[in-house]
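Engineer: One file is attached below, my_file-v6.cif, containing mmCIF, C-alpha atoms and all ligand atoms.
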```
data_structure
#
loop_
_atom_site.group_PDB
_atom_site.id
_atom_site.type_symbol
_atom_site.label_atom_id
_atom_site.label_comp_id
_atom_site.auth_asym_id
_atom_site.auth_seq_id
_atom_site.Cartn_x
_atom_site.Cartn_y
_atom_site.Cartn_z
ATOM 1 C CA MET W 6 212.786 -43.350 203.619
ATOM 2 C CA ASP W 7 210.244 -44.861 201.315
ATOM 3 C CA ALA W 8 207.467 -43.478 203.521
ATOM 4 C CA MET W 9 208.571 -39.950 202.712
ATOM 5 C CA ASN W 10 208.151 -40.573 198.976
ATOM 6 C CA ILE W 11 204.782 -42.260 199.445
ATOM 7 C CA ILE W 12 203.455 -39.359 201.538
ATOM 8 C CA ARG W 13 204.669 -36.765 199.037
ATOM 9 C CA ASP W 14 203.338 -38.816 196.149
ATOM 10 C CA GLU W 15 199.901 -39.169 197.752
ATOM 11 C CA HIS W 16 199.847 -35.443 198.512
ATOM 12 C CA GLN W 17 200.843 -34.594 194.971
ATOM 13 C CA SER W 18 198.099 -36.768 193.503
ATOM 14 C CA LEU W 19 195.491 -35.148 195.692
ATOM 15 C CA ALA W 20 196.760 -31.700 194.681
ATOM 16 C CA ALA W 21 196.544 -32.743 191.021
ATOM 17 C CA ILE W 22 192.932 -33.866 191.420
ATOM 18 C CA ILE W 23 191.982 -30.663 193.217
ATOM 19 C CA HIS W 24 193.663 -28.670 190.458
ATOM 20 C CA ALA W 25 191.766 -30.610 187.773
ATOM 21 C CA VAL W 26 188.403 -30.125 189.481
ATOM 22 C CA HIS W 27 189.090 -26.396 189.874
ATOM 23 C CA TYR W 28 189.747 -26.211 186.161
ATOM 24 C CA MET W 29 186.555 -28.135 185.397
ATOM 25 C CA LEU W 30 184.472 -25.844 187.618
ATOM 26 C CA LYS W 31 185.958 -22.792 185.922
ATOM 27 C CA GLU W 32 185.046 -24.183 182.515
ATOM 28 C CA ILE W 33 181.500 -24.871 183.723
ATOM 29 C CA GLY W 34 181.265 -21.315 185.077
ATOM 30 C CA ALA W 35 182.388 -19.974 181.705
ATOM 31 C CA GLY W 36 179.660 -21.999 179.991
ATOM 32 C CA LYS W 37 182.169 -24.122 178.101
ATOM 33 C CA LEU W 38 181.379 -27.374 179.861
ATOM 34 C CA ALA W 39 178.320 -29.114 181.318
ATOM 35 C CA PRO W 40 178.666 -30.453 184.866
ATOM 36 C CA ASP W 41 179.544 -34.123 185.006
ATOM 37 C CA PHE W 42 178.010 -35.499 188.193
ATOM 38 C CA LYS W 43 179.333 -38.975 187.618
ATOM 39 C CA LEU W 44 182.812 -37.503 187.743
ATOM 40 C CA LEU W 45 182.060 -35.402 190.828
ATOM 41 C CA LYS W 46 180.699 -38.492 192.565
ATOM 42 C CA ALA W 47 183.830 -40.415 191.634
ATOM 43 C CA MET W 48 185.870 -37.582 193.114
ATOM 44 C CA VAL W 49 183.930 -37.524 196.394
ATOM 45 C CA HIS W 50 184.158 -41.299 196.604
ATOM 46 C CA TYR W 51 187.909 -41.204 196.058
ATOM 47 C CA LEU W 52 188.414 -38.439 198.647
ATOM 48 C CA LYS W 53 186.506 -40.436 201.213
ATOM 49 C CA GLU W 54 188.165 -43.779 200.477
ATOM 50 C CA TYR W 55 191.772 -42.664 200.150
ATOM 51 C CA PRO W 56 192.873 -39.341 201.589
ATOM 52 C CA GLU W 57 190.382 -39.497 204.467
ATOM 53 C CA GLN W 58 190.120 -43.192 205.273
ATOM 54 C CA ARG W 59 193.584 -44.447 204.386
ATOM 55 C CA HIS W 60 196.162 -41.685 204.025
ATOM 56 C CA HIS W 61 195.292 -39.847 207.249
ATOM 57 C CA PRO W 62 195.012 -42.985 209.396
ATOM 58 C CA LYS W 63 198.449 -44.060 208.146
ATOM 59 C CA GLU W 64 199.855 -40.700 209.238
ATOM 60 C CA ASP W 65 198.207 -40.954 212.658
ATOM 61 C CA GLN W 66 199.260 -44.525 213.227
ATOM 62 C CA TYR W 67 202.770 -44.604 211.816
ATOM 63 C CA LEU W 68 204.095 -41.083 211.613
ATOM 64 C CA PHE W 69 202.532 -38.951 214.323
ATOM 65 C CA ALA W 70 202.471 -41.630 217.013
ATOM 66 C CA ARG W 71 206.170 -42.340 216.526
ATOM 67 C CA LEU W 72 207.168 -38.698 216.344
ATOM 68 C CA LYS W 73 205.267 -37.933 219.569
ATOM 69 C CA HIS W 74 207.100 -40.776 221.208
ATOM 70 C CA LYS W 75 210.486 -39.416 220.075
ATOM 71 C CA THR W 76 210.019 -35.728 220.809
ATOM 72 C CA GLY W 77 207.606 -33.223 222.284
ATOM 73 C CA GLU W 78 208.743 -30.657 219.713
ATOM 74 C CA ALA W 79 205.838 -31.288 217.352
ATOM 75 C CA ASP W 80 203.068 -31.906 219.896
ATOM 76 C CA ALA W 81 201.088 -28.729 219.205
ATOM 77 C CA VAL W 82 201.223 -29.127 215.423
ATOM 78 C CA ILE W 83 200.372 -32.820 215.648
ATOM 79 C CA ALA W 84 197.368 -32.049 217.854
ATOM 80 C CA ARG W 85 196.091 -29.671 215.190
ATOM 81 C CA LEU W 86 196.666 -32.157 212.368
ATOM 82 C CA GLU W 87 194.997 -34.967 214.331
ATOM 83 C CA GLN W 88 192.033 -32.689 214.802
ATOM 84 C CA ASP W 89 191.973 -32.128 211.022
ATOM 85 C CA HIS W 90 192.019 -35.878 210.478
ATOM 86 C CA ALA W 91 189.255 -36.468 213.005
ATOM 87 C CA SER W 92 186.942 -34.061 211.208
ATOM 88 C CA GLY W 93 187.292 -35.941 207.900
ATOM 89 C CA GLU W 94 183.852 -37.510 207.939
ATOM 90 C CA ALA W 95 182.084 -34.188 208.525
ATOM 91 C CA ARG W 96 184.186 -32.588 205.790
ATOM 92 C CA ILE W 97 183.205 -35.238 203.223
ATOM 93 C CA GLU W 98 179.553 -35.112 204.280
ATOM 94 C CA ALA W 99 179.498 -31.341 203.732
ATOM 95 C CA LEU W 100 181.073 -31.701 200.297
ATOM 96 C CA GLU W 101 178.674 -34.494 199.390
ATOM 97 C CA ALA W 102 175.689 -32.397 200.516
ATOM 98 C CA ALA W 103 176.896 -29.458 198.401
ATOM 99 C CA MET W 104 177.298 -31.805 195.425
ATOM 100 C CA ASN W 105 173.802 -33.235 195.878
ATOM 101 C CA HIS W 106 172.319 -29.725 195.964
ATOM 102 C CA TYR W 107 174.273 -28.885 192.860
ATOM 103 C CA GLU W 108 172.990 -31.973 191.072
ATOM 104 C CA ALA W 109 169.408 -31.168 192.080
ATOM 105 C CA ASP W 110 169.799 -27.607 190.793
ATOM 106 C CA PRO W 111 172.705 -27.382 188.317
ATOM 107 C CA LYS W 112 172.075 -23.709 187.561
ATOM 108 C CA GLY W 113 171.318 -22.336 191.027
ATOM 109 C CA GLY W 114 173.634 -24.705 192.900
ATOM 110 C CA TYR W 115 176.849 -23.904 191.043
ATOM 111 C CA ASP W 116 178.092 -21.009 193.204
ATOM 112 C CA ALA W 117 177.451 -22.855 196.459
ATOM 113 C CA PHE W 118 179.268 -25.926 195.195
ATOM 114 C CA VAL W 119 182.236 -23.866 194.031
ATOM 115 C CA GLU W 120 182.386 -22.233 197.447
ATOM 116 C CA ALA W 121 182.221 -25.613 199.217
ATOM 117 C CA PHE W 122 184.885 -27.064 196.952
ATOM 118 C CA ASP W 123 187.158 -24.030 197.368
ATOM 119 C CA GLY W 124 186.893 -24.362 201.142
ATOM 120 C CA PHE W 125 187.729 -28.033 200.903
ATOM 121 C CA ALA W 126 190.694 -27.356 198.610
ATOM 122 C CA LYS W 127 192.058 -24.636 200.870
ATOM 123 C CA PHE W 128 191.767 -26.878 203.888
ATOM 124 C CA TYR W 129 193.762 -29.603 202.131
ATOM 125 C CA ARG W 130 196.399 -27.260 200.810
ATOM 126 C CA ASP W 131 197.091 -25.871 204.287
ATOM 127 C CA HIS W 132 196.981 -29.321 205.834
ATOM 128 C CA MET W 133 199.476 -30.839 203.406
ATOM 129 C CA ILE W 134 201.806 -27.838 203.581
ATOM 130 C CA THR W 135 201.886 -28.104 207.386
ATOM 131 C CA GLU W 136 202.698 -31.800 207.206
ATOM 132 C CA GLU W 137 205.443 -31.315 204.656
ATOM 133 C CA ARG W 138 207.028 -28.227 206.188
ATOM 134 C CA GLU W 139 206.654 -28.940 209.882
ATOM 135 C CA ILE W 140 206.289 -32.690 210.392
ATOM 136 C CA LEU W 141 208.455 -34.341 207.760
ATOM 137 C CA PRO W 142 211.619 -32.376 208.647
ATOM 138 C CA LEU W 143 211.204 -33.391 212.299
ATOM 139 C CA CYS W 144 210.759 -37.020 211.298
ATOM 140 C CA ARG W 145 213.936 -36.736 209.286
ATOM 141 C CA LYS W 146 215.671 -35.356 212.345
ATOM 142 C CA HIS W 147 214.413 -37.855 214.906
ATOM 143 C CA PHE W 148 213.765 -41.167 213.108
ATOM 144 C CA SER W 149 216.392 -43.886 212.968
ATOM 145 C CA GLU W 150 216.825 -46.241 210.040
ATOM 146 C CA GLN W 151 214.786 -48.797 211.932
ATOM 147 C CA ASP W 152 212.003 -46.233 212.443
ATOM 148 C CA TRP W 153 211.915 -45.472 208.724
ATOM 149 C CA ALA W 154 211.804 -49.159 207.858
ATOM 150 C CA GLU W 155 208.766 -49.677 210.088
ATOM 151 C CA VAL W 156 206.994 -46.487 209.040
ATOM 152 C CA SER W 157 207.623 -47.290 205.367
ATOM 153 C CA ALA W 158 206.186 -50.794 205.753
ATOM 154 C CA GLY W 159 203.010 -49.203 207.139
ATOM 155 C CA PHE W 160 202.796 -46.645 204.369
ATOM 156 C CA ARG W 161 203.223 -49.219 201.620
ATOM 157 C CA GLU W 162 199.846 -50.677 202.571
ATOM 158 C CA ASN W 163 196.624 -49.188 201.243
ATOM 159 C CA ARG W 164 198.370 -47.226 198.533
ATOM 160 C CA ASP W 165 196.399 -44.534 196.791
ATOM 161 C CA PRO W 166 195.308 -45.749 193.317
ATOM 162 C CA MET W 167 195.700 -42.175 192.052
ATOM 163 C CA ALA W 168 199.272 -41.936 193.332
ATOM 164 C CA GLY W 169 201.698 -41.017 190.612
ATOM 165 C CA THR W 170 199.311 -38.447 189.150
ATOM 166 C CA ALA W 171 201.364 -35.382 188.396
ATOM 167 C CA LYS W 172 199.873 -31.914 188.423
ATOM 168 C CA PRO W 173 197.885 -31.620 185.207
ATOM 169 C CA LEU W 174 198.516 -28.638 182.960
ATOM 170 C CA THR W 175 196.892 -29.215 179.611
ATOM 171 C CA HIS W 176 193.341 -30.121 178.663
ATOM 172 C CA GLU W 177 194.546 -33.656 177.830
ATOM 173 C CA ASP W 178 196.123 -33.952 181.276
ATOM 174 C CA PHE W 179 192.828 -33.030 182.919
ATOM 175 C CA GLN W 180 190.990 -35.604 180.829
ATOM 176 C CA ARG W 181 193.541 -38.221 181.820
ATOM 177 C CA VAL W 182 193.113 -37.447 185.535
ATOM 178 C CA PHE W 183 189.316 -37.558 185.233
ATOM 179 C CA SER W 184 189.308 -40.828 183.302
ATOM 180 C CA LYS W 185 191.544 -42.414 185.911
ATOM 181 C CA LEU W 186 189.344 -41.093 188.706
ATOM 182 C CA VAL W 187 186.163 -42.513 187.186
ATOM 183 C CA ALA W 188 187.849 -45.779 186.249
ATOM 184 C CA ALA W 189 189.037 -46.220 189.825
ATOM 185 C CA ALA W 190 185.550 -45.814 191.293
ATOM 186 C CA PRO W 191 183.350 -48.856 191.800
ATOM 187 C CA ALA W 192 179.983 -49.333 190.055
ATOM 188 C CA PRO W 193 177.620 -47.635 189.611
ATOM 189 C CA ILE W 194 179.932 -44.596 189.453
ATOM 190 C CA GLY W 195 182.810 -46.155 187.596
ATOM 191 C CA PHE W 196 183.173 -48.958 185.146
ATOM 192 C CA GLY W 197 181.901 -51.670 187.441
ATOM 193 C CA ALA W 198 185.383 -52.752 188.407
ATOM 194 C CA GLY W 199 184.297 -53.184 192.006
ATOM 195 C CA PRO W 200 186.461 -51.971 194.848
ATOM 196 C CA TYR W 201 189.630 -50.031 194.172
ATOM 197 C CA LYS W 202 192.480 -52.224 193.097
ATOM 198 C CA GLU W 203 195.563 -52.085 195.247
ATOM 199 C CA ASP W 204 198.916 -51.700 193.555
HETATM 200 FE FE FE U 301 197.127 -35.593 207.034
HETATM 201 FE FE FE U 302 199.086 -36.100 204.527
#
```
Here is the file; what I need is its structure written in the form of structure tokens.
Ligand SMILES: [Fe+2]
Ligand SMILES: [Fe+2]
Structural biologist:
Amino acid sequence: MDAMNIIRDEHQSLAAIIHAVHYMLKEIGAGKLAPDFKLLKAMVHYLKEYPEQRHHPKEDQYLFARLKHKTGEADAVIARLEQDHASGEARIEALEAAMNHYEADPKGGYDAFVEAFDGFAKFYRDHMITEEREILPLCRKHFSEQDWAEVSAGFRENRDPMAGTAKPLTHEDFQRVFSKLVAAAPAPIGFGAGPYKED
């Protein structure tokens, strides 16, 4: 059940990044930190490239399709999650627009960006909780060993470069997450390393 670990790991990394950005925005709001737009761009780029364009398609293609084939039990939940996945592009565009406004007006644009980011974070939290509480247990119930082998092979591709990032707690942990995020982004956002490297 390698797929199970990969899904949880990719969820956990995304939760860690969201947590770190929340912390950063709080520090900015308290006047302790200046906004770092290079970092925010790296974050938006990562969200688009991995959770939206790779993690969700893997779920659609390998997990949901197979589960629908095995049982009708999850059809309603899957329909909702597929709808969430399908609206990924609009979600990223909205976040990107909020970030651009914020960059153009760092003082006046802060509240609107925080609101946009909070909405985004809440969406993801609910989405991941639904997958973990409602979909994964049904997969466990209905998938054979052969199913898991095939699903796992699919999930091993296009791994998230941020996977393995545990929830940060200290200031050093946040810095570590942010450095990794920027390092993973291609130029001109990151260190010019080009496209994300696959593990
Ligand atoms: Fe998903
Ligand atoms: Fe997911």
Engineer: Evaluate the PyMOL selection byres (((chain W and resi 58-63) around 8) and not hetatm) and record the selected residues as a list of chain:residue names, following the chain and residue labels used in the document.
Structural biologist: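 That selection, the PyMOL selection byres (((chain W and resi 58-63) around 8) and not hetatm), comes back as W:Glu15, W:Lys53, W:Glu54, W:Tyr55, W:Pro56, W:Glu57, W:Glu64, W:Asp65, W:Gln66, W:Tyr67, W:Leu68, W:His90, W:Gly159, W:Phe160, W:Asn163, W:Asp165.
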Engineer: Choose the residue, out of W:Cys144, W:Leu52, W:Arg161, W:Ala8, that has the smallest atom-to-atom separation from Gly93 (chain W); count only C-alpha atoms.
Structural biologist: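 Among W:Cys144, W:Leu52, W:Arg161, W:Ala8, it is W:Leu52 that comes nearest to Gly93 (chain W).
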Engineer: Translate the PyMOL selection byres (((chain W and resi 139) around 12) and not hetatm), as applied to the file shown, into an explicit residue set as a ChimeraX atom specification.
Structural biologist: /W:69,72,78-83,85-86,131-138,140-146
Engineer: Measuring atom to atom with only C-alpha atoms, identify which of W:Glu108, W:Asp41, W:Asp7, W:Glu101 is nearest to Phe125 (chain W).
Structural biologist: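 Nearest candidate to Phe125 (chain W) out of W:Glu108, W:Asp41, W:Asp7, W:Glu101: W:Glu101.
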Engineer: CA of Ala192 (chain W) to CA of Met167 (chain W): how many Å, to one decimal?
Structural biologist: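 Interatomic distance here is 17.4 Å.
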Engineer: May I ask which of the residues W:Met29, W:Ile22, W:Ala91, W:Ala188 is the closest one to ligand FE 301 (chain U), counting all atoms listed in the file?
Structural biologist: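 Of W:Met29, W:Ile22, W:Ala91, W:Ala188, the one nearest ligand FE 301 (chain U) is W:Ala91, counting all atoms listed in the file.
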Engineer: Go through W:His176, W:His74, W:Arg164, W:Arg130 one by one, measure the shortest atom-to-atom distance of each to ligand FE 301 (chain U) using all atoms listed in the file, and give the residue with the smallest value.
Structural biologist: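 For ligand FE 301 (chain U), the nearest of the given residues is W:Arg130.
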Engineer: Looking at all atoms listed in the file, which of W:Thr76, W:Gln151, W:Thr170, W:Asn105 is the one that sits closest to Ser18 (chain W)?
Structural biologist: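 The shortest atom-to-atom distance to Ser18 (chain W) comes from W:Thr170.
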Engineer: For CA of Ala190 (chain W) and CA of Val156 (chain W), determine how far apart the two atoms are, in Å to one decimal place.
Structural biologist: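 Taking CA of Ala190 (chain W) as the start and CA of Val156 (chain W) as the end point, the length is 27.8 Å.
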